[in-house]
Structure formats: C-alpha cells, structure tokens
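Enquirer: Data: protein.cif, mmCIF, C-alpha atoms.
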```cif
data_data
#
loop_
_atom_site.group_PDB
_atom_site.id
_atom_site.type_symbol
_atom_site.label_atom_id
_atom_site.label_comp_id
_atom_site.auth_asym_id
_atom_site.auth_seq_id
_atom_site.Cartn_x
_atom_site.Cartn_y
_atom_site.Cartn_z
ATOM 1 C CA MET A 737 -18.368 -15.598 -15.237
ATOM 2 C CA LYS A 738 -18.189 -12.596 -17.521
ATOM 3 C CA PRO A 739 -18.271 -8.886 -16.685
ATOM 4 C CA ALA A 740 -21.427 -6.868 -17.107
ATOM 5 C CA PRO A 741 -21.481 -4.794 -20.338
ATOM 6 C CA PHE A 742 -19.374 -1.634 -20.274
ATOM 7 C CA THR A 743 -18.075 1.037 -22.624
ATOM 8 C CA TYR A 744 -14.303 1.024 -23.154
ATOM 9 C CA HIS A 745 -12.264 4.251 -23.399
ATOM 10 C CA ARG A 746 -8.558 4.453 -24.305
ATOM 11 C CA PRO A 747 -7.224 7.999 -23.920
ATOM 12 C CA ARG A 748 -3.808 8.758 -25.409
ATOM 13 C CA GLY A 749 -2.758 11.548 -23.053
ATOM 14 C CA LEU A 750 -3.247 12.709 -19.487
ATOM 15 C CA ASP A 751 -5.427 15.690 -20.411
ATOM 16 C CA GLU A 752 -7.669 13.470 -22.515
ATOM 17 C CA ALA A 753 -7.926 10.927 -19.695
ATOM 18 C CA LEU A 754 -8.932 13.632 -17.224
ATOM 19 C CA GLU A 755 -11.515 15.027 -19.635
ATOM 20 C CA VAL A 756 -13.054 11.583 -20.092
ATOM 21 C CA LEU A 757 -13.143 10.969 -16.335
ATOM 22 C CA ALA A 758 -14.706 14.384 -15.742
ATOM 23 C CA ALA A 759 -17.453 13.646 -18.260
ATOM 24 C CA LEU A 760 -18.165 10.184 -16.853
ATOM 25 C CA GLY A 761 -18.140 11.070 -13.149
ATOM 26 C CA GLU A 762 -19.212 8.170 -10.943
ATOM 27 C CA ALA A 763 -19.915 5.985 -13.984
ATOM 28 C CA GLY A 764 -16.207 5.805 -14.903
ATOM 29 C CA LYS A 765 -13.616 3.389 -13.516
ATOM 30 C CA VAL A 766 -9.889 3.553 -14.246
ATOM 31 C CA LEU A 767 -8.083 0.481 -15.582
ATOM 32 C CA ALA A 768 -4.312 0.378 -14.978
ATOM 33 C CA GLY A 769 -2.957 -3.031 -13.948
ATOM 34 C CA GLY A 770 -6.407 -4.539 -13.545
ATOM 35 C CA GLN A 771 -5.241 -7.345 -11.255
ATOM 36 C CA SER A 772 -7.897 -6.477 -8.661
ATOM 37 C CA LEU A 773 -10.516 -4.760 -10.802
ATOM 38 C CA VAL A 774 -10.875 -7.349 -13.584
ATOM 39 C CA PRO A 775 -11.556 -10.308 -11.238
ATOM 40 C CA LEU A 776 -14.136 -8.216 -9.374
ATOM 41 C CA MET A 777 -15.816 -7.369 -12.669
ATOM 42 C CA SER A 778 -15.752 -10.994 -13.762
ATOM 43 C CA MET A 779 -17.501 -12.000 -10.542
ATOM 44 C CA ARG A 780 -20.014 -9.145 -10.976
ATOM 45 C CA LEU A 781 -18.871 -7.618 -7.679
ATOM 46 C CA SER A 782 -18.037 -4.458 -9.616
ATOM 47 C CA ALA A 783 -19.961 -3.347 -12.684
ATOM 48 C CA PRO A 784 -18.733 0.031 -13.959
ATOM 49 C CA ALA A 785 -20.617 1.374 -16.941
ATOM 50 C CA HIS A 786 -17.407 2.830 -18.405
ATOM 51 C CA LEU A 787 -13.822 1.601 -18.225
ATOM 52 C CA VAL A 788 -11.053 4.161 -18.822
ATOM 53 C CA ASP A 789 -7.835 2.381 -19.794
ATOM 54 C CA VAL A 790 -4.871 4.646 -18.921
ATOM 55 C CA ASN A 791 -2.178 2.231 -20.097
ATOM 56 C CA HIS A 792 -1.553 4.310 -23.218
ATOM 57 C CA VAL A 793 -1.069 7.574 -21.320
ATOM 58 C CA PRO A 794 2.647 8.473 -21.524
ATOM 59 C CA GLY A 795 4.764 9.601 -18.589
ATOM 60 C CA LEU A 796 3.054 7.628 -15.809
ATOM 61 C CA ALA A 797 5.327 4.564 -15.599
ATOM 62 C CA THR A 798 8.020 6.301 -13.549
ATOM 63 C CA VAL A 799 10.046 5.660 -10.408
ATOM 64 C CA HIS A 800 11.783 8.815 -9.157
ATOM 65 C CA VAL A 801 14.215 8.838 -6.226
ATOM 66 C CA ASP A 802 15.704 11.822 -4.453
ATOM 67 C CA GLU A 803 17.207 12.485 -1.038
ATOM 68 C CA HIS A 804 13.796 12.772 0.615
ATOM 69 C CA VAL A 805 11.294 10.529 -1.201
ATOM 70 C CA VAL A 806 10.598 7.748 -3.651
ATOM 71 C CA ARG A 807 7.839 8.852 -6.029
ATOM 72 C CA ILE A 808 6.048 6.181 -8.057
ATOM 73 C CA GLY A 809 3.924 6.921 -11.112
ATOM 74 C CA ALA A 810 0.487 5.482 -11.733
ATOM 75 C CA LEU A 811 1.630 2.950 -14.350
ATOM 76 C CA ALA A 812 4.782 1.708 -12.604
ATOM 77 C CA ARG A 813 4.293 -2.043 -12.166
ATOM 78 C CA HIS A 814 5.006 -3.751 -8.862
ATOM 79 C CA SER A 815 7.885 -5.639 -10.476
ATOM 80 C CA GLN A 816 9.393 -2.410 -11.842
ATOM 81 C CA VAL A 817 9.417 -0.885 -8.366
ATOM 82 C CA GLU A 818 10.595 -4.127 -6.767
ATOM 83 C CA HIS A 819 13.641 -4.375 -9.033
ATOM 84 C CA ASP A 820 14.525 -0.678 -9.213
ATOM 85 C CA ALA A 821 18.018 -0.479 -7.713
ATOM 86 C CA ALA A 822 17.825 3.200 -6.788
ATOM 87 C CA ALA A 823 14.457 2.730 -5.063
ATOM 88 C CA TYR A 824 15.823 -0.233 -3.114
ATOM 89 C CA ASP A 825 18.938 1.662 -2.011
ATOM 90 C CA ALA A 826 16.786 4.572 -0.866
ATOM 91 C CA LEU A 827 13.932 2.584 0.645
ATOM 92 C CA PRO A 828 14.461 -1.186 1.140
ATOM 93 C CA LEU A 829 11.029 -1.472 2.753
ATOM 94 C CA LEU A 830 9.359 -1.173 -0.655
ATOM 95 C CA ARG A 831 11.021 -4.336 -1.966
ATOM 96 C CA GLN A 832 10.550 -6.081 1.381
ATOM 97 C CA ALA A 833 6.799 -5.497 1.132
ATOM 98 C CA LEU A 834 6.394 -6.022 -2.612
ATOM 99 C CA ARG A 835 7.846 -9.518 -2.424
ATOM 100 C CA HIS A 836 4.757 -10.459 -0.427
ATOM 101 C CA VAL A 837 2.344 -9.196 -3.097
ATOM 102 C CA ALA A 838 0.709 -12.197 -4.771
ATOM 103 C CA HIS A 839 2.996 -13.891 -7.340
ATOM 104 C CA PRO A 840 5.561 -12.566 -9.859
ATOM 105 C CA THR A 841 3.022 -12.905 -12.676
ATOM 106 C CA ILE A 842 0.631 -10.581 -10.840
ATOM 107 C CA ARG A 843 3.429 -8.174 -9.932
ATOM 108 C CA ASN A 844 4.452 -7.951 -13.584
ATOM 109 C CA ARG A 845 1.101 -6.371 -14.396
ATOM 110 C CA GLY A 846 -0.324 -4.889 -11.191
ATOM 111 C CA THR A 847 0.528 -1.304 -10.316
ATOM 112 C CA THR A 848 1.670 0.070 -6.974
ATOM 113 C CA VAL A 849 -0.567 3.136 -7.172
ATOM 114 C CA GLY A 850 -3.500 0.964 -8.247
ATOM 115 C CA SER A 851 -3.082 -1.144 -5.126
ATOM 116 C CA LEU A 852 -3.243 1.991 -2.995
ATOM 117 C CA VAL A 853 -6.395 3.234 -4.725
ATOM 118 C CA HIS A 854 -8.039 -0.188 -4.396
ATOM 119 C CA GLY A 855 -7.705 0.200 -0.623
ATOM 120 C CA ASP A 856 -7.900 -3.453 0.378
ATOM 121 C CA PRO A 857 -7.343 -3.693 4.171
ATOM 122 C CA ALA A 858 -5.310 -6.880 3.589
ATOM 123 C CA ALA A 859 -2.961 -5.285 1.023
ATOM 124 C CA GLU A 860 0.684 -4.514 1.736
ATOM 125 C CA LEU A 861 1.203 -1.165 -0.011
ATOM 126 C CA PRO A 862 -1.380 0.866 1.952
ATOM 127 C CA ALA A 863 0.368 -0.163 5.179
ATOM 128 C CA VAL A 864 3.736 0.892 3.760
ATOM 129 C CA LEU A 865 2.416 4.268 2.595
ATOM 130 C CA LEU A 866 0.936 4.936 6.040
ATOM 131 C CA LEU A 867 4.070 3.759 7.829
ATOM 132 C CA LEU A 868 6.225 6.174 5.834
ATOM 133 C CA ASP A 869 3.895 9.195 6.077
ATOM 134 C CA GLY A 870 3.426 9.038 2.336
ATOM 135 C CA SER A 871 0.830 10.657 0.110
ATOM 136 C CA VAL A 872 -1.092 10.184 -3.123
ATOM 137 C CA THR A 873 -1.278 12.802 -5.881
ATOM 138 C CA LEU A 874 -4.764 13.101 -7.397
ATOM 139 C CA ARG A 875 -5.526 14.960 -10.619
ATOM 140 C CA SER A 876 -8.809 16.046 -12.121
ATOM 141 C CA ALA A 877 -9.586 18.242 -15.105
ATOM 142 C CA GLU A 878 -9.817 21.224 -12.736
ATOM 143 C CA ARG A 879 -7.014 20.752 -10.231
ATOM 144 C CA ALA A 880 -4.408 18.603 -8.506
ATOM 145 C CA ARG A 881 -4.343 17.737 -4.837
ATOM 146 C CA GLU A 882 -2.026 15.828 -2.520
ATOM 147 C CA VAL A 883 -3.677 13.587 0.086
ATOM 148 C CA GLU A 884 -1.653 12.309 3.024
ATOM 149 C CA ALA A 885 -1.862 8.594 3.740
ATOM 150 C CA ALA A 886 -3.535 9.198 7.103
ATOM 151 C CA SER A 887 -6.478 10.817 5.265
ATOM 152 C CA PHE A 888 -6.426 8.736 2.092
ATOM 153 C CA PHE A 889 -7.648 5.405 3.477
ATOM 154 C CA ILE A 890 -11.230 5.872 4.658
ATOM 155 C CA GLY A 891 -12.500 2.301 5.065
ATOM 156 C CA PRO A 892 -12.464 -1.148 3.441
ATOM 157 C CA MET A 893 -12.023 -0.634 -0.320
ATOM 158 C CA GLU A 894 -12.710 3.078 0.186
ATOM 159 C CA THR A 895 -10.252 5.919 -0.348
ATOM 160 C CA ALA A 896 -10.312 9.693 -0.740
ATOM 161 C CA LEU A 897 -10.308 9.405 -4.553
ATOM 162 C CA ARG A 898 -13.288 11.345 -5.945
ATOM 163 C CA PRO A 899 -15.277 10.776 -9.142
ATOM 164 C CA GLY A 900 -13.448 12.342 -12.058
ATOM 165 C CA GLU A 901 -10.030 12.042 -10.412
ATOM 166 C CA LEU A 902 -7.005 9.993 -11.414
ATOM 167 C CA ALA A 903 -4.293 8.962 -8.959
ATOM 168 C CA VAL A 904 -1.179 9.918 -10.920
ATOM 169 C CA ALA A 905 1.529 9.133 -8.337
ATOM 170 C CA ALA A 906 2.325 8.027 -4.808
ATOM 171 C CA THR A 907 5.113 9.469 -2.689
ATOM 172 C CA PHE A 908 6.891 7.398 -0.035
ATOM 173 C CA ARG A 909 9.067 9.337 2.408
ATOM 174 C CA ARG A 910 12.476 7.954 3.232
ATOM 175 C CA PRO A 911 12.952 7.221 6.952
ATOM 176 C CA ALA A 912 15.707 8.873 8.961
ATOM 177 C CA THR A 913 19.273 7.879 8.163
ATOM 178 C CA GLY A 914 20.312 4.839 10.179
ATOM 179 C CA SER A 915 16.835 3.306 10.331
ATOM 180 C CA GLY A 916 16.180 -0.381 9.806
ATOM 181 C CA THR A 917 13.035 -1.724 8.158
ATOM 182 C CA ALA A 918 11.223 -5.030 7.820
ATOM 183 C CA PHE A 919 7.969 -6.457 6.494
ATOM 184 C CA VAL A 920 6.496 -9.783 7.622
ATOM 185 C CA GLU A 921 3.127 -11.443 7.143
ATOM 186 C CA VAL A 922 1.224 -14.705 7.479
ATOM 187 C CA THR A 923 -0.907 -16.096 4.644
ATOM 188 C CA ARG A 924 -2.945 -19.287 4.321
ATOM 189 C CA ARG A 925 -1.073 -20.101 1.094
ATOM 190 C CA HIS A 926 1.835 -18.457 -0.678
ATOM 191 C CA GLY A 927 0.553 -15.527 -2.704
ATOM 192 C CA ASP A 928 -2.747 -15.155 -0.848
ATOM 193 C CA TYR A 929 -3.798 -11.945 0.830
ATOM 194 C CA ALA A 930 -2.331 -11.754 4.311
ATOM 195 C CA VAL A 931 -4.270 -12.925 7.341
ATOM 196 C CA CYS A 932 -2.107 -10.383 9.159
ATOM 197 C CA GLY A 933 0.982 -8.420 8.212
ATOM 198 C CA VAL A 934 3.328 -5.897 9.792
ATOM 199 C CA GLY A 935 5.780 -3.349 8.440
ATOM 200 C CA ALA A 936 8.302 -1.799 10.842
ATOM 201 C CA VAL A 937 10.723 1.124 10.883
ATOM 202 C CA VAL A 938 13.192 1.296 13.773
ATOM 203 C CA GLY A 939 15.463 4.317 14.145
ATOM 204 C CA ALA A 940 17.814 5.772 16.716
ATOM 205 C CA SER A 941 15.089 7.799 18.426
ATOM 206 C CA SER A 942 11.787 6.409 17.163
ATOM 207 C CA ALA A 943 10.060 3.237 16.046
ATOM 208 C CA ARG A 944 6.704 2.513 14.474
ATOM 209 C CA VAL A 945 4.769 -0.302 12.881
ATOM 210 C CA ALA A 946 1.867 -0.481 10.445
ATOM 211 C CA LEU A 947 -0.421 -3.491 10.513
ATOM 212 C CA LEU A 948 -2.752 -4.893 7.879
ATOM 213 C CA GLY A 949 -5.613 -7.342 8.225
ATOM 214 C CA VAL A 950 -6.561 -6.190 11.733
ATOM 215 C CA GLY A 951 -8.847 -3.258 10.986
ATOM 216 C CA PRO A 952 -10.896 -1.567 8.252
ATOM 217 C CA GLY A 953 -7.638 -0.253 6.796
ATOM 218 C CA PRO A 954 -3.944 -0.097 7.648
ATOM 219 C CA VAL A 955 -3.259 0.611 11.321
ATOM 220 C CA LEU A 956 -0.305 2.749 12.432
ATOM 221 C CA VAL A 957 1.247 2.397 15.902
ATOM 222 C CA ASP A 958 4.071 4.563 17.245
ATOM 223 C CA LEU A 959 6.311 2.648 19.663
ATOM 224 C CA PRO A 960 8.483 4.975 21.756
ATOM 225 C CA ASP A 961 9.896 2.036 23.719
ATOM 226 C CA ALA A 962 11.196 0.108 20.705
ATOM 227 C CA VAL A 963 13.995 2.372 19.468
ATOM 228 C CA ARG A 964 17.106 1.004 17.850
ATOM 229 C CA ASP A 965 19.545 1.001 20.760
ATOM 230 C CA GLU A 966 17.196 0.240 23.659
ATOM 231 C CA PRO A 967 15.937 -3.111 25.009
ATOM 232 C CA LEU A 968 12.458 -3.922 23.723
ATOM 233 C CA ASP A 969 9.711 -3.394 26.314
ATOM 234 C CA ASP A 970 7.410 -6.254 25.267
ATOM 235 C CA GLU A 971 4.613 -5.359 27.665
ATOM 236 C CA ARG A 972 4.462 -1.732 26.576
ATOM 237 C CA VAL A 973 4.552 -2.656 22.868
ATOM 238 C CA HIS A 974 1.838 -5.279 23.433
ATOM 239 C CA ALA A 975 -0.405 -2.730 25.135
ATOM 240 C CA LEU A 976 0.011 -0.110 22.399
ATOM 241 C CA VAL A 977 -0.726 -2.610 19.624
ATOM 242 C CA GLU A 978 -3.697 -4.079 21.479
ATOM 243 C CA GLU A 979 -5.197 -0.620 21.878
ATOM 244 C CA ALA A 980 -4.848 0.186 18.180
ATOM 245 C CA ILE A 981 -6.144 -2.934 16.437
ATOM 246 C CA ASP A 982 -9.728 -4.089 15.946
ATOM 247 C CA PRO A 983 -9.664 -7.381 14.022
ATOM 248 C CA GLU A 984 -12.788 -9.064 12.712
ATOM 249 C CA ALA A 985 -13.489 -12.741 12.102
ATOM 250 C CA ASP A 986 -14.040 -14.051 8.587
ATOM 251 C CA ILE A 987 -13.811 -17.366 6.739
ATOM 252 C CA HIS A 988 -10.002 -17.255 6.934
ATOM 253 C CA ALA A 989 -9.351 -16.543 10.619
ATOM 254 C CA SER A 990 -11.010 -15.668 13.890
ATOM 255 C CA ALA A 991 -10.584 -12.250 15.458
ATOM 256 C CA ASP A 992 -8.600 -13.790 18.319
ATOM 257 C CA TYR A 993 -6.213 -15.490 15.905
ATOM 258 C CA ARG A 994 -5.627 -12.253 14.007
ATOM 259 C CA ARG A 995 -4.995 -10.492 17.310
ATOM 260 C CA HIS A 996 -2.478 -13.187 18.301
ATOM 261 C CA LEU A 997 -0.736 -12.888 14.934
ATOM 262 C CA ALA A 998 -0.541 -9.116 15.266
ATOM 263 C CA HIS A 999 1.463 -9.335 18.473
ATOM 264 C CA VAL A 1000 3.728 -12.129 17.215
ATOM 265 C CA LEU A 1001 4.438 -10.370 13.917
ATOM 266 C CA VAL A 1002 5.057 -6.994 15.546
ATOM 267 C CA ARG A 1003 7.795 -8.543 17.684
ATOM 268 C CA ARG A 1004 9.237 -10.332 14.663
ATOM 269 C CA ALA A 1005 9.181 -7.239 12.439
ATOM 270 C CA LEU A 1006 10.778 -5.062 15.122
ATOM 271 C CA ALA A 1007 13.532 -7.620 15.679
ATOM 272 C CA GLU A 1008 14.282 -7.808 11.945
ATOM 273 C CA ALA A 1009 14.210 -4.030 11.529
ATOM 274 C CA HIS A 1010 16.483 -3.601 14.561
ATOM 275 C CA HIS A 1011 18.927 -6.116 13.108
ATOM 276 C CA ARG A 1012 18.995 -4.309 9.740
ATOM 277 C CA ALA A 1013 19.564 -0.841 11.180
ATOM 278 C CA PRO A 1014 23.020 0.464 10.203
ATOM 279 C CA GLY A 1015 25.187 1.244 13.208
ATOM 280 C CA ARG A 1016 22.892 -0.539 15.629
ATOM 281 C CA ALA A 1017 24.170 -1.365 19.075
ATOM 282 C CA ALA A 1018 25.700 -4.835 19.381
#
```
Represent the structure of the file as structure tokens.

Expert:
Amino acid sequence: MKPAPFTYHRPRGLDEALEVLAALGEAGKVLAGGQSLVPLMSMRLSAPAHLVDVNHVPGLATVHVDEHVVRIGALARHSQVEHDAAAYDALPLLRQALRHVAHPTIRNRGTTVGSLVHGDPAAELPAVLLLLDGSVTLRSAERAREVEAASFFIGPMETALRPGELAVAATFRRPATGSGTAFVEVTRRHGDYAVCGVGAVVGASSARVALLGVGPGPVLVDLPDAVRDEPLDDERVHALVEEAIDPEADIHASADYRRHLAHVLVRRALAEAHHRAPGRAA
C-alpha cells in the first residue's frame, strides 16, 4: 500500500522546525527515523496531512554523558546510542535494552527519542525511561518544558507531546553507584515486538523493575525485598508484580500467558541484575 497524500516540509534549523510545527498544529507530524511512522502511513493507519522532516536540523544527533545522566538528542539513532562507549560505561542498561530493538538495520535508522514519542506499550525504551526516572524535553515556538517519564506516557501510542511541539531530547538518570541492571524479554520471533519484557535495577538498598507488554504503557514496580545483598522473597515480589500489571489478550498471546511471562521474566531480570552489581555479596 501507499501513504495517503501529504505535504512534505524540510526545515534547516530548530527555530524553523518549531515555526512550521506551530503553524501546522495537529495537522503536522514529525519525521525523524520513521521506522514506526512510515509503515503506519503505508498501511493507512496514520495519515498526517503534513510531514515535517527534522533530519536536516543540526545539533540534535547527540549523546551527552555526565556524572548524573545520559542525555540523548532527538536524532541520535539507536545504533549510535547502543555503541557509544561513554553511554555504556555510565548506563549499561541502555545497550542491554537496545539490543532487543528490532534488527540492526532498523536500529541504524530509528531514533531513541522517536521510540519514546511513539509510545508503543510493547517498546523497550519507554520502560527504560520510566525505570530510570527519566524525562523528555519538549520544545515549541513559545517555550520548553521537561516532562517526567511517569507523566509522559498516557496510554497506548499516546504521550504528553502536544501539537506544535518537538521532542528534542530524552534524559536517562544514572542509578546509584554499585547497582546492577538487566533487560530480558520474550518475542515470537527474533526482532519482533516483545510479548513481555522486563528491565531491572538492583542496588544496595533498593530494587525496581519496569515491565512492557502487560499494560497500556510501561509499568513500574518498586521491590523493597529484592535488594542486592538480601535473599529474594519470591512471594512478595510475585504479589507486587501481580498487583501492578493488567495484561490483555491479543492475536499474539493470552492475558494469562503474558501474566505468567511477567513473573518469570521479573525473576530472571532480578537475578541477572543482582549478578552484575559491583561488590555484590557472594
């Protein structure tokens, strides 16, 4: 199939891009990596009247690392983030999750920030952003605002991005020193969206997981009984996860199967994160 007719815009700077988006309002859709948007357009599941290609806007393909955060620009490709040595040293969880995103060909073009804005409940990056108390920076012609992950994901394919706004960056907070991280998922075929997935951070005094595929968006669960140097209380963890998730059946899996996977993968992710934690108890 072919997309419905649309008008193509190619701004050459950030200010120009924001002016175009402001003028278009709800009629405008941003094109960055296009690995989710273009297939939806081709299947006529999305039919924007105007497409604003930001690939020629300078200064957005950045990966910045400091002692507190990893900040990723709107045009940084998944593969760029995946192979950035400084980002991996600061936050291994990013690479652990990105290696589950589709295939290398898709990661070479798709953008990390674009995945967040797309808001697919089966995508890996929204779960990681939520797990790390991250945020997304949104710019419009009038102002900039920072939206925390807990408020950014509203529902399936729905985020806090407003008409006329451009997501210019995402900020992932580094976990406490000495934490271990892991990301695991189950797919029907390699490269497919996950039936269920889990990211985990285990530290000396706290542990948490974020699940995907078991709710209308990523689901965060704090696990006070799964800290780095304590025996895992399986029953308590099971109860906390069960309370948080609300899986639905679809053509890929039943709700019961997704629920079963959630508990299995939480245990697996916690075990891997515990094993990777520096200075963990023997």

Enquirer: I'd like the neighbourhood of range 906-911 of chain A as a JSON list (two decimals) with C-alpha atoms, keeping the file's coordinate frame, where a residue qualifies if any of its atoms comes within 7 Å (using all atoms listed in the file), though same-chain residues fewer than 5 positions away should be ignored.

Expert:
```json
[["chain", "number", "residue", "atom", "x", "y", "z"],
["A", 804, "HIS", "CA", 13.80, 12.77, 0.62],
["A", 805, "VAL", "CA", 11.29, 10.53, -1.20],
["A", 806, "VAL", "CA", 10.60, 7.75, -3.65],
["A", 807, "ARG", "CA", 7.84, 8.85, -6.03],
["A", 808, "ILE", "CA", 6.05, 6.18, -8.06],
["A", 809, "GLY", "CA", 3.92, 6.92, -11.11],
["A", 826, "ALA", "CA", 16.79, 4.57, -0.87],
["A", 827, "LEU", "CA", 13.93, 2.58, 0.64],
["A", 849, "VAL", "CA", -0.57, 3.14, -7.17],
["A", 865, "LEU", "CA", 2.42, 4.27, 2.60],
["A", 868, "LEU", "CA", 6.22, 6.17, 5.83],
["A", 869, "ASP", "CA", 3.90, 9.20, 6.08],
["A", 870, "GLY", "CA", 3.43, 9.04, 2.34],
["A", 871, "SER", "CA", 0.83, 10.66, 0.11],
["A", 872, "VAL", "CA", -1.09, 10.18, -3.12],
["A", 873, "THR", "CA", -1.28, 12.80, -5.88]]
```

Enquirer: Restricting the calculation to only C-alpha atoms: of A:Pro840, A:Pro1014, A:Pro857, A:Gly916, which residue gets closest to Gly951 in chain A?

Expert: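 Among the listed residues, the smallest separation from Gly951 in chain A belongs to A:Pro857.
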
Enquirer: What does the structure give for the distance between CA of Gly770 in chain A and CA of Ser815 in chain A, in Å to one decimal?

Expert: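 CA of Ser815 in chain A lies at a distance of 14.7 Å from CA of Gly770 in chain A.
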
Enquirer: Mind dumping a table of every range 911-950 of chain A residue within 10 Å of range 1009-1012 of chain A, with the nearest atom pair and its distance in Å to one decimal, using all atoms listed in the file, sorted by chain and rising number, as a Markdown table?

Expert:
```
| residue | atom | partner | partner_atom | distance |
| --- | --- | --- | --- | --- |
| A:Gly914 | CA | A:Arg1012 | CA | 9.3 |
| A:Ser915 | CA | A:Ala1009 | CA | 7.9 |
| A:Gly916 | CA | A:Ala1009 | CA | 4.5 |
| A:Thr917 | CA | A:Ala1009 | CA | 4.2 |
| A:Ala918 | CA | A:Ala1009 | CA | 4.9 |
| A:Phe919 | CA | A:Ala1009 | CA | 8.4 |
| A:Gly935 | CA | A:Ala1009 | CA | 9.0 |
| A:Ala936 | CA | A:Ala1009 | CA | 6.4 |
| A:Val937 | CA | A:Ala1009 | CA | 6.3 |
| A:Val938 | CA | A:Ala1009 | CA | 5.9 |
| A:Gly939 | CA | A:His1010 | CA | 8.0 |
| A:Ala940 | CA | A:His1010 | CA | 9.7 |
| A:Ala943 | CA | A:His1010 | CA | 9.5 |
```

Enquirer: Got a sec: who's within 12 Å of His996 in chain A, counting only C-alpha atoms, leaving out chain neighbours fewer than 4 positions off, as a ChimeraX atom specification?

Expert: /A:922,931-933,950,974,977-978,981-983,989-992,1000-1003
